[in-house]
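The data block below is target-v2.cif; it holds mmCIF, C-alpha atoms.
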```cif
data_query
loop_
_atom_site.label_atom_id
_atom_site.label_comp_id
_atom_site.auth_asym_id
_atom_site.auth_seq_id
_atom_site.Cartn_x
_atom_site.Cartn_y
_atom_site.Cartn_z
CA MET A 1 12.06 -34.07 -27.97
CA SER A 2 14.62 -35.64 -25.71
CA ILE A 3 16.66 -34.08 -22.96
CA ASN A 4 19.90 -32.66 -24.28
CA ALA A 5 22.41 -29.89 -23.68
CA THR A 6 19.68 -27.31 -24.32
CA LEU A 7 18.72 -28.00 -20.72
CA LEU A 8 21.97 -26.49 -19.45
CA ILE A 9 21.54 -23.35 -21.55
CA GLN A 10 17.97 -22.99 -20.37
CA ILE A 11 19.04 -23.31 -16.72
CA ILE A 12 21.62 -20.57 -17.21
CA ALA A 13 19.09 -18.42 -19.05
CA PHE A 14 16.54 -18.99 -16.30
CA VAL A 15 18.94 -18.05 -13.50
CA LEU A 16 20.11 -14.95 -15.36
CA LEU A 17 16.54 -13.94 -16.08
CA ILE A 18 15.63 -14.25 -12.39
CA TRP A 19 18.55 -12.00 -11.57
CA PHE A 20 17.54 -9.45 -14.20
CA VAL A 21 13.88 -9.51 -13.23
CA ASN A 22 14.82 -8.90 -9.63
CA LYS A 23 17.13 -6.09 -10.68
CA VAL A 24 14.99 -4.16 -13.14
CA LEU A 25 11.41 -5.25 -12.51
CA TRP A 26 10.62 -6.60 -9.08
CA GLY A 27 13.12 -4.53 -7.11
CA PRO A 28 12.31 -0.99 -8.28
CA ILE A 29 8.60 -1.42 -8.83
CA SER A 30 7.84 -3.23 -5.59
CA LYS A 31 9.85 -0.57 -3.78
CA LEU A 32 7.82 2.09 -5.52
CA MET A 33 4.58 0.35 -4.64
CA GLU A 34 5.63 0.00 -1.05
CA GLU A 35 6.50 3.67 -0.88
CA ARG A 36 3.18 4.60 -2.41
CA GLN A 37 1.38 2.37 0.03
CA LYS A 38 3.20 4.01 2.89
CA ARG A 39 2.44 7.46 1.55
CA ILE A 40 -1.24 6.66 1.22
CA ALA A 41 -1.31 5.23 4.72
CA ASP A 42 0.48 8.32 6.03
CA GLY A 43 -1.95 10.58 4.22
CA LEU A 44 -4.92 8.73 5.63
CA SER A 45 -3.57 8.84 9.16
CA ALA A 46 -2.75 12.53 8.73
CA ALA A 47 -6.30 13.19 7.54
CA GLU A 48 -7.62 11.27 10.52
CA LYS A 49 -5.38 13.27 12.83
CA GLY A 50 -6.47 16.51 11.20
CA LYS A 51 -10.09 15.58 11.66
CA ARG A 52 -9.51 14.77 15.30
CA GLU A 53 -7.67 18.03 15.81
CA LEU A 54 -10.46 19.93 14.14
CA GLU A 55 -12.97 18.33 16.47
CA LEU A 56 -10.78 19.19 19.43
CA ALA A 57 -10.38 22.76 18.23
CA GLU A 58 -14.12 23.12 17.76
CA LYS A 59 -14.72 21.82 21.24
CA ARG A 60 -12.12 24.20 22.62
CA ALA A 61 -13.60 27.10 20.69
CA LYS A 62 -17.00 26.33 22.16
CA GLU A 63 -15.53 26.24 25.64
CA VAL A 64 -13.72 29.51 25.11
CA LEU A 65 -16.89 31.11 23.79
CA LYS A 66 -18.85 29.86 26.77
CA GLU A 67 -16.20 31.18 29.14
CA ALA A 68 -16.17 34.51 27.37
CA LYS A 69 -19.93 34.74 27.66
CA GLU A 70 -19.76 33.92 31.33
CA GLN A 71 -17.09 36.48 31.85
CA ALA A 72 -19.05 39.10 29.97
CA GLN A 73 -22.07 38.27 32.13
CA ASN A 74 -19.91 38.63 35.23
CA ILE A 75 -18.51 41.93 34.08
CA ILE A 76 -21.95 43.29 33.30
CA GLY A 77 -23.20 42.16 36.70
CA GLN A 78 -20.28 43.74 38.43
CA ALA A 79 -20.70 46.95 36.46
CA GLU A 80 -24.35 47.09 37.40
CA LYS A 81 -23.49 46.50 41.03
CA ARG A 82 -20.81 49.13 40.87
CA ALA A 83 -23.16 51.61 39.21
CA ASN A 84 -25.73 51.00 41.92
CA GLU A 85 -23.07 51.51 44.51
CA ILE A 86 -21.96 54.73 42.90
CA VAL A 87 -25.53 55.98 42.69
CA ASP A 88 -26.14 55.04 46.33
CA ASP A 89 -22.90 56.66 47.32
CA ALA A 90 -23.80 59.80 45.45
CA LYS A 91 -27.22 59.79 47.10
CA THR A 92 -25.79 59.48 50.61
CA LYS A 93 -23.16 62.09 49.86
CA ALA A 94 -25.76 64.46 48.49
CA GLN A 95 -27.93 63.83 51.54
CA GLU A 96 -25.01 64.52 53.84
CA GLU A 97 -24.07 67.61 51.88
CA ALA A 98 -27.60 68.85 51.99
CA ASP A 99 -27.78 68.17 55.75
CA ARG A 100 -24.49 69.92 56.23
CA VAL A 101 -25.56 72.94 54.20
CA ARG A 102 -28.86 73.07 56.03
CA ALA A 103 -27.14 72.78 59.38
CA GLY A 104 -24.73 75.55 58.40
CA ALA A 105 -27.56 77.74 57.26
CA GLN A 106 -29.51 77.07 60.42
CA ALA A 107 -26.43 77.87 62.53
CA GLU A 108 -25.84 81.06 60.60
CA LEU A 109 -29.46 81.94 60.92
CA ALA A 110 -29.36 81.32 64.62
CA GLN A 111 -26.22 83.37 64.92
CA GLU A 112 -27.75 86.19 62.96
CA VAL A 113 -30.91 86.00 65.02
CA ALA A 114 -28.80 86.10 68.14
CA ALA A 115 -26.73 88.99 66.77
CA ALA A 116 -29.88 90.83 65.75
CA ARG A 117 -31.36 90.14 69.12
CA GLU A 118 -28.16 91.39 70.76
CA GLN A 119 -28.23 94.46 68.63
CA LEU A 120 -31.89 94.93 69.27
CA ARG A 121 -31.25 94.59 73.01
CA GLY A 122 -28.48 97.12 72.75
CA ASP A 123 -30.70 99.40 70.74
CA VAL A 124 -33.56 98.95 73.19
CA ALA A 125 -31.18 99.62 76.07
CA LYS A 126 -29.93 102.71 74.31
CA LEU A 127 -33.45 103.68 73.51
CA ALA A 128 -34.48 103.02 77.09
CA VAL A 129 -31.51 104.99 78.37
CA ALA A 130 -32.18 107.73 75.86
CA GLY A 131 -35.84 107.62 76.73
CA ALA A 132 -35.13 107.52 80.41
CA GLY A 133 -32.40 110.16 79.91
CA GLN A 134 -34.83 112.35 78.13
CA ILE A 135 -37.36 111.62 80.78
CA LEU A 136 -35.03 112.04 83.63
CA ALA A 137 -32.87 114.50 81.71
CA VAL A 138 -30.24 115.51 84.14
CA GLU A 139 -30.86 113.06 86.90
CA ILE A 140 -29.41 110.14 85.27
CA ASP A 141 -25.83 110.28 84.20
CA ALA A 142 -25.07 107.70 81.62
CA ALA A 143 -21.53 107.18 82.86
CA LYS A 144 -22.58 107.12 86.48
CA HIS A 145 -25.34 104.54 86.04
CA GLN A 146 -23.59 102.37 83.50
CA ASP A 147 -23.70 99.29 85.73
CA ILE A 148 -27.41 99.70 86.35
CA LEU A 149 -27.97 100.03 82.61
CA ASP A 150 -25.95 96.90 81.98
CA ARG A 151 -28.02 94.95 84.47
CA LEU A 152 -31.10 96.22 82.74
CA VAL A 153 -29.77 95.22 79.39
CA LYS A 154 -29.14 91.71 80.74
CA GLN A 155 -32.62 91.42 82.06
CA ILE A 156 -34.20 92.21 78.68
CA MET B 157 3.51 -33.43 -47.61
CA GLY B 158 1.59 -36.01 -45.66
CA THR B 159 -0.15 -35.49 -42.35
CA VAL B 160 2.41 -37.42 -40.36
CA GLU B 161 5.34 -35.62 -41.91
CA TYR B 162 3.64 -32.27 -41.38
CA ILE B 163 3.21 -32.90 -37.68
CA GLN B 164 6.64 -34.46 -37.25
CA HIS B 165 8.22 -31.58 -39.07
CA HIS B 166 6.50 -29.11 -36.80
CA LEU B 167 7.50 -30.93 -33.67
CA GLN B 168 11.14 -31.16 -34.65
CA ASN B 169 13.50 -28.72 -33.01
CA ASN B 170 16.09 -26.85 -34.99
CA ALA B 171 19.00 -28.74 -33.48
CA VAL B 172 22.70 -28.01 -33.74
CA CYS B 173 25.35 -30.56 -32.87
CA SER B 174 28.77 -31.79 -33.90
CA VAL B 175 28.95 -33.71 -37.14
CA ASP B 176 29.57 -37.10 -35.48
CA SER B 177 26.34 -36.81 -33.53
CA ILE B 178 24.19 -36.61 -36.64
CA ASN B 179 22.30 -39.78 -37.41
CA PRO B 180 23.28 -40.73 -40.95
CA VAL B 181 19.85 -42.16 -41.70
CA THR B 182 17.53 -39.42 -40.48
CA GLY B 183 19.99 -36.54 -40.69
CA LEU B 184 18.91 -35.44 -37.22
CA CYS B 185 21.07 -34.71 -34.18
CA GLU B 186 21.32 -37.40 -31.55
CA GLY B 187 23.03 -37.66 -28.20
CA PHE B 188 23.27 -35.25 -25.27
CA TRP B 189 25.41 -32.53 -26.82
CA THR B 190 22.71 -31.16 -29.00
CA PHE B 191 21.46 -27.60 -28.82
CA ASN B 192 17.91 -26.78 -29.80
CA MET B 193 18.58 -23.39 -31.28
CA ASP B 194 14.93 -22.40 -31.77
CA THR B 195 14.12 -23.12 -28.13
CA ILE B 196 17.18 -21.30 -26.87
CA LEU B 197 16.86 -18.26 -29.10
CA ILE B 198 13.12 -17.74 -28.69
CA SER B 199 13.16 -18.21 -24.94
CA ILE B 200 16.13 -15.88 -24.55
CA ALA B 201 14.52 -13.36 -26.89
CA LEU B 202 11.40 -13.41 -24.71
CA GLY B 203 13.55 -13.03 -21.62
CA VAL B 204 15.30 -10.08 -23.19
CA LEU B 205 11.90 -8.65 -24.08
CA ILE B 206 10.91 -8.79 -20.41
CA VAL B 207 14.12 -7.13 -19.30
CA LEU B 208 13.95 -4.41 -21.95
CA ALA B 209 10.30 -3.65 -21.27
CA ALA B 210 11.05 -3.50 -17.55
CA ALA B 211 14.08 -1.29 -18.08
CA ARG B 212 12.10 1.03 -20.33
CA LEU B 213 9.34 1.20 -17.77
CA GLY B 214 11.88 1.73 -15.01
CA LYS B 215 13.08 4.94 -16.64
CA ARG B 216 9.73 6.67 -16.41
CA LEU B 217 8.21 5.26 -13.31
CA GLU B 218 5.38 7.28 -11.91
CA THR B 219 5.09 7.40 -8.16
CA GLY B 220 1.66 8.99 -7.95
CA ALA B 221 -1.11 7.59 -10.11
CA PRO B 222 0.31 5.19 -12.71
CA SER B 223 -1.43 4.63 -16.00
CA GLY B 224 -1.33 2.24 -18.91
CA PHE B 225 1.54 -0.18 -19.03
CA GLN B 226 2.87 0.59 -15.56
CA ASN B 227 -0.58 -0.01 -14.15
CA ALA B 228 -0.77 -3.42 -15.83
CA VAL B 229 2.71 -4.35 -14.64
CA GLU B 230 1.89 -3.26 -11.11
CA GLY B 231 -1.24 -5.36 -11.31
CA VAL B 232 0.80 -8.45 -12.20
CA LEU B 233 3.37 -7.67 -9.51
CA ASP B 234 0.65 -7.18 -6.95
CA PHE B 235 -0.94 -10.47 -7.96
CA VAL B 236 2.32 -12.41 -7.74
CA GLY B 237 3.28 -10.68 -4.49
CA GLY B 238 -0.12 -11.55 -3.06
CA GLN B 239 0.33 -15.20 -3.99
CA VAL B 240 3.74 -15.24 -2.33
CA ARG B 241 2.44 -13.54 0.82
CA ASP B 242 -0.50 -15.92 1.03
CA THR B 243 1.33 -19.20 0.50
CA PHE B 244 4.91 -18.61 1.55
CA PRO B 245 5.67 -18.72 5.27
CA GLY B 246 8.40 -16.45 6.53
CA LYS B 247 10.52 -14.08 4.51
CA ASN B 248 12.84 -14.75 1.61
CA PRO B 249 13.62 -11.96 -0.85
CA LEU B 250 14.29 -14.48 -3.62
CA ILE B 251 10.87 -16.04 -3.74
CA ALA B 252 8.86 -13.15 -5.17
CA PRO B 253 11.23 -12.32 -8.07
CA LEU B 254 11.52 -16.04 -8.79
CA ALA B 255 7.76 -16.45 -8.88
CA LEU B 256 7.40 -13.35 -11.03
CA THR B 257 10.03 -14.55 -13.46
CA ILE B 258 8.38 -17.94 -13.78
CA PHE B 259 4.93 -16.48 -14.26
CA VAL B 260 5.89 -13.88 -16.86
CA TRP B 261 8.45 -15.93 -18.73
CA VAL B 262 6.38 -19.10 -18.87
CA TRP B 263 3.35 -17.09 -19.91
CA LEU B 264 5.23 -15.40 -22.73
CA MET B 265 6.75 -18.67 -23.92
CA ASN B 266 3.31 -20.29 -23.77
CA PHE B 267 1.93 -17.32 -25.63
CA MET B 268 4.02 -18.29 -28.64
CA ASP B 269 1.51 -21.12 -28.95
CA LEU B 270 -1.16 -18.58 -29.94
CA VAL B 271 0.84 -17.42 -32.92
CA PRO B 272 -0.58 -19.26 -35.96
CA VAL B 273 1.30 -22.58 -36.14
CA ASP B 274 2.60 -22.14 -39.66
CA LEU B 275 3.36 -18.43 -39.63
CA LEU B 276 6.84 -18.36 -38.11
CA PRO B 277 8.08 -21.65 -39.63
CA LEU B 278 6.98 -20.47 -43.10
CA LEU B 279 8.65 -17.11 -42.58
CA ALA B 280 11.83 -18.84 -41.48
CA GLN B 281 11.70 -21.15 -44.48
CA MET B 282 11.26 -18.16 -46.78
CA VAL B 283 14.08 -16.24 -45.18
CA THR B 284 16.53 -19.13 -45.16
CA GLY B 285 15.33 -20.58 -48.49
CA ASP B 286 15.38 -24.02 -46.94
CA PRO B 287 11.97 -25.75 -47.36
CA HIS B 288 12.86 -28.23 -44.62
CA PHE B 289 13.94 -25.61 -42.10
CA HIS B 290 12.90 -26.77 -38.63
CA LEU B 291 11.37 -24.28 -36.26
CA LYS B 292 9.47 -25.12 -33.13
CA VAL B 293 8.25 -21.75 -31.91
CA VAL B 294 6.96 -22.65 -28.43
CA PRO B 295 9.91 -23.11 -26.04
CA THR B 296 7.67 -24.75 -23.43
CA THR B 297 6.87 -27.57 -25.83
CA ASP B 298 10.53 -28.48 -25.47
CA LEU B 299 11.10 -30.68 -22.44
CA ASN B 300 14.49 -29.02 -21.96
CA THR B 301 12.94 -25.66 -21.10
CA THR B 302 10.38 -26.96 -18.64
CA MET B 303 12.81 -29.35 -17.00
CA ALA B 304 15.45 -26.64 -16.81
CA MET B 305 13.11 -24.52 -14.72
CA ALA B 306 11.85 -27.49 -12.73
CA LEU B 307 15.38 -28.64 -11.92
CA SER B 308 16.43 -25.10 -10.95
CA VAL B 309 13.49 -24.99 -8.57
CA PHE B 310 14.40 -28.45 -7.33
CA ALA B 311 17.94 -27.28 -6.61
CA LEU B 312 16.49 -24.37 -4.62
CA ILE B 313 14.21 -26.75 -2.75
CA ILE B 314 17.15 -28.91 -1.67
CA PHE B 315 19.27 -25.86 -0.87
CA TYR B 316 16.64 -24.31 1.37
CA ASN B 317 15.75 -27.65 2.92
CA ILE B 318 19.34 -27.99 4.09
CA LYS B 319 19.69 -24.31 4.97
CA VAL B 320 16.54 -24.14 7.08
CA LYS B 321 16.41 -27.64 8.57
CA GLY B 322 20.14 -28.27 8.69
CA LEU B 323 21.83 -31.30 7.21
CA TRP B 324 20.63 -33.51 10.07
CA GLY B 325 17.11 -32.13 9.82
CA PHE B 326 17.07 -32.83 6.10
CA THR B 327 18.27 -36.38 6.72
CA LYS B 328 15.70 -36.82 9.48
CA MET B 329 13.03 -35.81 6.99
CA PHE B 330 14.03 -38.79 4.87
CA LEU B 331 14.33 -41.18 7.80
CA PHE B 332 11.27 -40.40 9.93
CA HIS B 333 8.80 -39.03 7.45
CA PRO B 334 5.98 -39.85 6.90
CA PHE B 335 5.62 -42.96 9.12
CA GLY B 336 7.91 -42.50 12.12
CA LYS B 337 11.02 -44.32 13.18
CA PHE B 338 9.79 -47.92 12.76
CA PHE B 339 9.51 -47.66 8.99
CA ILE B 340 12.86 -46.11 8.14
CA PRO B 341 13.59 -47.93 4.86
CA PHE B 342 10.03 -47.40 3.72
CA ASN B 343 10.23 -43.74 4.74
CA ILE B 344 13.35 -43.19 2.68
CA VAL B 345 11.66 -44.56 -0.41
CA MET B 346 8.50 -42.56 0.22
CA THR B 347 10.28 -39.27 0.81
CA LEU B 348 12.55 -39.85 -2.13
CA ILE B 349 9.55 -40.36 -4.39
CA GLU B 350 7.85 -37.35 -2.87
CA GLU B 351 10.84 -35.11 -3.46
CA VAL B 352 11.70 -36.37 -6.95
CA SER B 353 8.10 -36.10 -8.05
CA LYS B 354 8.19 -32.35 -7.39
CA PRO B 355 10.44 -31.34 -10.31
CA LEU B 356 9.02 -34.08 -12.48
CA SER B 357 5.44 -32.97 -11.96
CA LEU B 358 6.41 -29.32 -12.46
CA GLY B 359 8.30 -29.88 -15.68
CA LEU B 360 6.17 -32.60 -17.19
CA ARG B 361 2.86 -30.91 -16.47
CA LEU B 362 3.83 -27.75 -18.30
CA PHE B 363 5.48 -29.66 -21.12
CA GLY B 364 2.53 -32.04 -21.53
CA ASN B 365 -0.07 -29.31 -21.56
CA MET B 366 1.77 -27.14 -24.04
CA PHE B 367 2.77 -30.05 -26.23
CA ALA B 368 -0.79 -31.32 -26.38
CA GLY B 369 -2.10 -27.83 -27.06
CA GLU B 370 0.36 -27.39 -29.87
CA LEU B 371 -0.63 -30.77 -31.28
CA VAL B 372 -4.30 -29.79 -31.30
CA PHE B 373 -3.39 -26.56 -33.11
CA LEU B 374 -1.51 -28.63 -35.68
CA LEU B 375 -4.46 -30.99 -36.13
CA ILE B 376 -6.81 -28.05 -36.57
CA ALA B 377 -4.40 -26.57 -39.08
CA LEU B 378 -4.53 -29.86 -40.96
CA ILE B 379 -8.28 -29.63 -41.50
CA GLY B 380 -8.01 -26.85 -43.99
CA GLY B 381 -4.52 -27.63 -45.11
CA THR B 382 -4.91 -31.18 -46.39
CA LEU B 383 -8.63 -31.66 -46.82
CA ALA B 384 -9.53 -28.43 -48.56
CA VAL B 385 -9.30 -29.51 -52.14
CA GLY B 386 -11.61 -27.95 -54.71
CA ILE B 387 -15.19 -27.25 -53.63
CA GLY B 388 -14.62 -28.87 -50.23
CA ALA B 389 -12.60 -25.82 -49.17
CA LEU B 390 -15.87 -23.92 -48.81
CA PHE B 391 -16.71 -26.22 -45.92
CA TRP B 392 -13.32 -27.07 -44.44
CA ALA B 393 -11.72 -23.67 -44.38
CA PRO B 394 -14.45 -22.01 -42.25
CA LEU B 395 -14.48 -25.07 -39.98
CA GLN B 396 -10.75 -24.76 -39.47
CA ALA B 397 -11.09 -21.05 -38.71
CA LEU B 398 -13.91 -21.70 -36.26
CA LEU B 399 -12.15 -24.55 -34.47
CA GLY B 400 -8.88 -22.64 -34.48
CA LEU B 401 -10.58 -19.63 -32.91
CA GLY B 402 -12.31 -21.81 -30.32
CA TRP B 403 -9.12 -23.58 -29.30
CA LEU B 404 -7.26 -20.27 -29.34
CA ILE B 405 -9.68 -18.68 -26.89
CA PHE B 406 -9.59 -21.76 -24.69
CA HIS B 407 -5.84 -21.81 -24.91
CA ILE B 408 -5.53 -18.26 -23.59
CA LEU B 409 -6.93 -19.74 -20.42
CA VAL B 410 -4.62 -22.76 -20.58
CA ILE B 411 -1.38 -20.84 -21.04
CA THR B 412 -2.24 -18.48 -18.17
CA LEU B 413 -3.34 -21.34 -15.95
CA GLN B 414 -0.20 -23.36 -16.64
CA ALA B 415 2.06 -20.39 -15.94
CA PHE B 416 0.09 -19.76 -12.75
CA ILE B 417 0.27 -23.41 -11.63
CA PHE B 418 4.02 -23.56 -12.22
CA MET B 419 4.44 -20.37 -10.16
CA VAL B 420 2.16 -21.42 -7.31
CA LEU B 421 3.66 -24.89 -7.03
CA THR B 422 7.13 -23.37 -6.95
CA ILE B 423 6.07 -21.10 -4.09
CA VAL B 424 4.39 -24.00 -2.27
CA TYR B 425 7.38 -26.35 -2.67
CA LEU B 426 9.81 -23.70 -1.50
CA GLY B 427 7.46 -22.87 1.36
CA MET B 428 7.52 -26.52 2.39
CA ALA B 429 11.31 -26.44 2.23
CA HIS B 430 11.25 -23.45 4.59
CA THR B 431 9.08 -25.04 7.26
CA GLU B 432 10.57 -27.07 10.06
CA MET B 433 9.49 -30.70 10.21
CA ASP B 434 7.52 -31.72 13.24
CA ASP B 435 9.28 -34.53 15.01
CA HIS B 436 7.58 -37.91 15.02
#
```
Written form, structure tokens:
Amino acid sequence: MSINATLLIQIIAFVLLIWFVNKVLWGPISKLMEERQKRIADGLSAAEKGKRELELAEKRAKEVLKEAKEQAQNIIGQAEKRANEIVDDAKTKAQEEADRVRAGAQAELAQEVAAAREQLRGDVAKLAVAGAGQILAVEIDAAKHQDILDRLVKQI
Amino acid sequence: MGTVEYIQHHLQNNAVCSVDSINPVTGLCEGFWTFNMDTILISIALGVLIVLAAARLGKRLETGAPSGFQNAVEGVLDFVGGQVRDTFPGKNPLIAPLALTIFVWVWLMNFMDLVPVDLLPLLAQMVTGDPHFHLKVVPTTDLNTTMAMALSVFALIIFYNIKVKGLWGFTKMFLFHPFGKFFIPFNIVMTLIEEVSKPLSLGLRLFGNMFAGELVFLLIALIGGTLAVGIGALFWAPLQALLGLGWLIFHILVITLQAFIFMVLTIVYLGMAHTEMDDH
């Protein structure tokens, strides 16, 4: 029960045991626990980051969708405008074409009327000359009175 | 065998010494150069047990989700590490393994107290064939074990005091603490008492608690052992079992608490050694 040399042995044993415990127990296992702690922390922060990124992506997706909708609306509007323009264009062109055709027809008609009138005048002149020739028979020489006949024709 | 002899026999270490150191009257070893073989062997065996268990665990450490033994060990490590983080200022890689060693080793040595008091001595007596074979199974009921740890801690306290505060700082602590420069002689005495009381309180507290606990176990063992003659055994034997169980359950608390106190005080003392003194 008294202090004796056992004390020295126990001190040596104690010191050695501390060394061993540090070597085989505290060292490796606390390192392992630290690593695990770090891994868990990393995982949590990664999850947090992922969540944040997801939120961001959702927000961006919404924006893109909105933009796309707007663009689609724009395109539809433009297409409608363009269609209207084309229809208007076609209308004006058709109107012009119709006017042109009508004008051409009228001009042709007028020409033909004029030609017919000319011909008719000629025919009437001939008829008048023939009639007059028949009436006057010999007295009137067609070649001799050509200028008189022409004047007549012009007066018709 | 009488009551007194029974108790004395149980509290006698298995000592080995040179022939001249043996008291011719009692036949027991005297003098400093005596080795308590039971204390040494059991404490070292428990230390080896710790190292082997740790080494075995170290081979199949699981990084992910540990189970069973590793989980329990990690729990203890976490607990000790938490204590160190909470009470120890600054960083010192020695403190945590030291605290862990103290806690586990002291607990295991204390745990030997829960082994029935007569079991191991009787086994040893049967094996050796010597009916007077001495075996004191609880190393912490030997003052040598507790003082060995306390003095080791004390050596660390002085070492870190000088390392952190410097030799002059350490001297100043003796001169100007706790009452300033006008009470220097008084301060030296006070600080000396304060410092010396640290290892003494560490070692003696553990020794006293375990020794007293062991003594109570012996007294309880005596109830059935010496008083149970004839019909009285019907009363005394169950009483002994009941009291033994009660003290056993209480003692589970005591051995853990004592191991914990030794650990925490070690951390606190070393923490104090690591803090700079405020100048008076």
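Shell of Ile314 in chain B at 12 Å, with all atoms listed in the file counted and residues fewer than 6 places along the chain excluded, is Leu307, Ser308, Val320, Lys321, Gly322, Leu323, Gly325, Phe326, Thr327, Met329, Leu348, Glu351, Val352, Lys354, Pro355, Tyr425, Leu426, Gly427, Met428, Ala429 and His430 of chain B.
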**OP:** Show which residues sit within 12 Å of range 279-287 of chain B, as a VMD selection string. Count only C-alpha atoms, and ignore same-chain residues fewer than 4 positions away.
**Re:** chain B and resid 157 165 170 194 272 to 275 291 to 293
Can you write out the residues you just picked, keeping C-alpha atoms, as a PDB file, keeping the file's coordinate frame?
```pdb
ATOM      1  CA  MET B 157       3.510 -33.430 -47.610  1.00  0.00           C
ATOM      2  CA  HIS B 165       8.220 -31.580 -39.070  1.00  0.00           C
ATOM      3  CA  ASN B 170      16.090 -26.850 -34.990  1.00  0.00           C
ATOM      4  CA  ASP B 194      14.930 -22.400 -31.770  1.00  0.00           C
ATOM      5  CA  PRO B 272      -0.580 -19.260 -35.960  1.00  0.00           C
ATOM      6  CA  VAL B 273       1.300 -22.580 -36.140  1.00  0.00           C
ATOM      7  CA  ASP B 274       2.600 -22.140 -39.660  1.00  0.00           C
ATOM      8  CA  LEU B 275       3.360 -18.430 -39.630  1.00  0.00           C
ATOM      9  CA  LEU B 291      11.370 -24.280 -36.260  1.00  0.00           C
ATOM     10  CA  LYS B 292       9.470 -25.120 -33.130  1.00  0.00           C
ATOM     11  CA  VAL B 293       8.250 -21.750 -31.910  1.00  0.00           C
TER      12      VAL B 293
END
```
Original post:
By how many Å are CA of Ala211 in chain B and CA of Leu17 in chain A apart?
Top reply: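 About the pair CA of Ala211 in chain B and CA of Leu17 in chain A: they are 13.0 Å apart.
Here the question is which of B:Leu404, B:Ala171, B:Val309, B:Thr219 gets nearest to Lys38 in chain A using only C-alpha atoms, and that residue is B:Thr219.
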Original post:
Using only C-alpha atoms, which of B:Phe332, B:Phe315, B:Phe289, B:Phe310 sits nearest chain A?
Top reply: B:Phe310
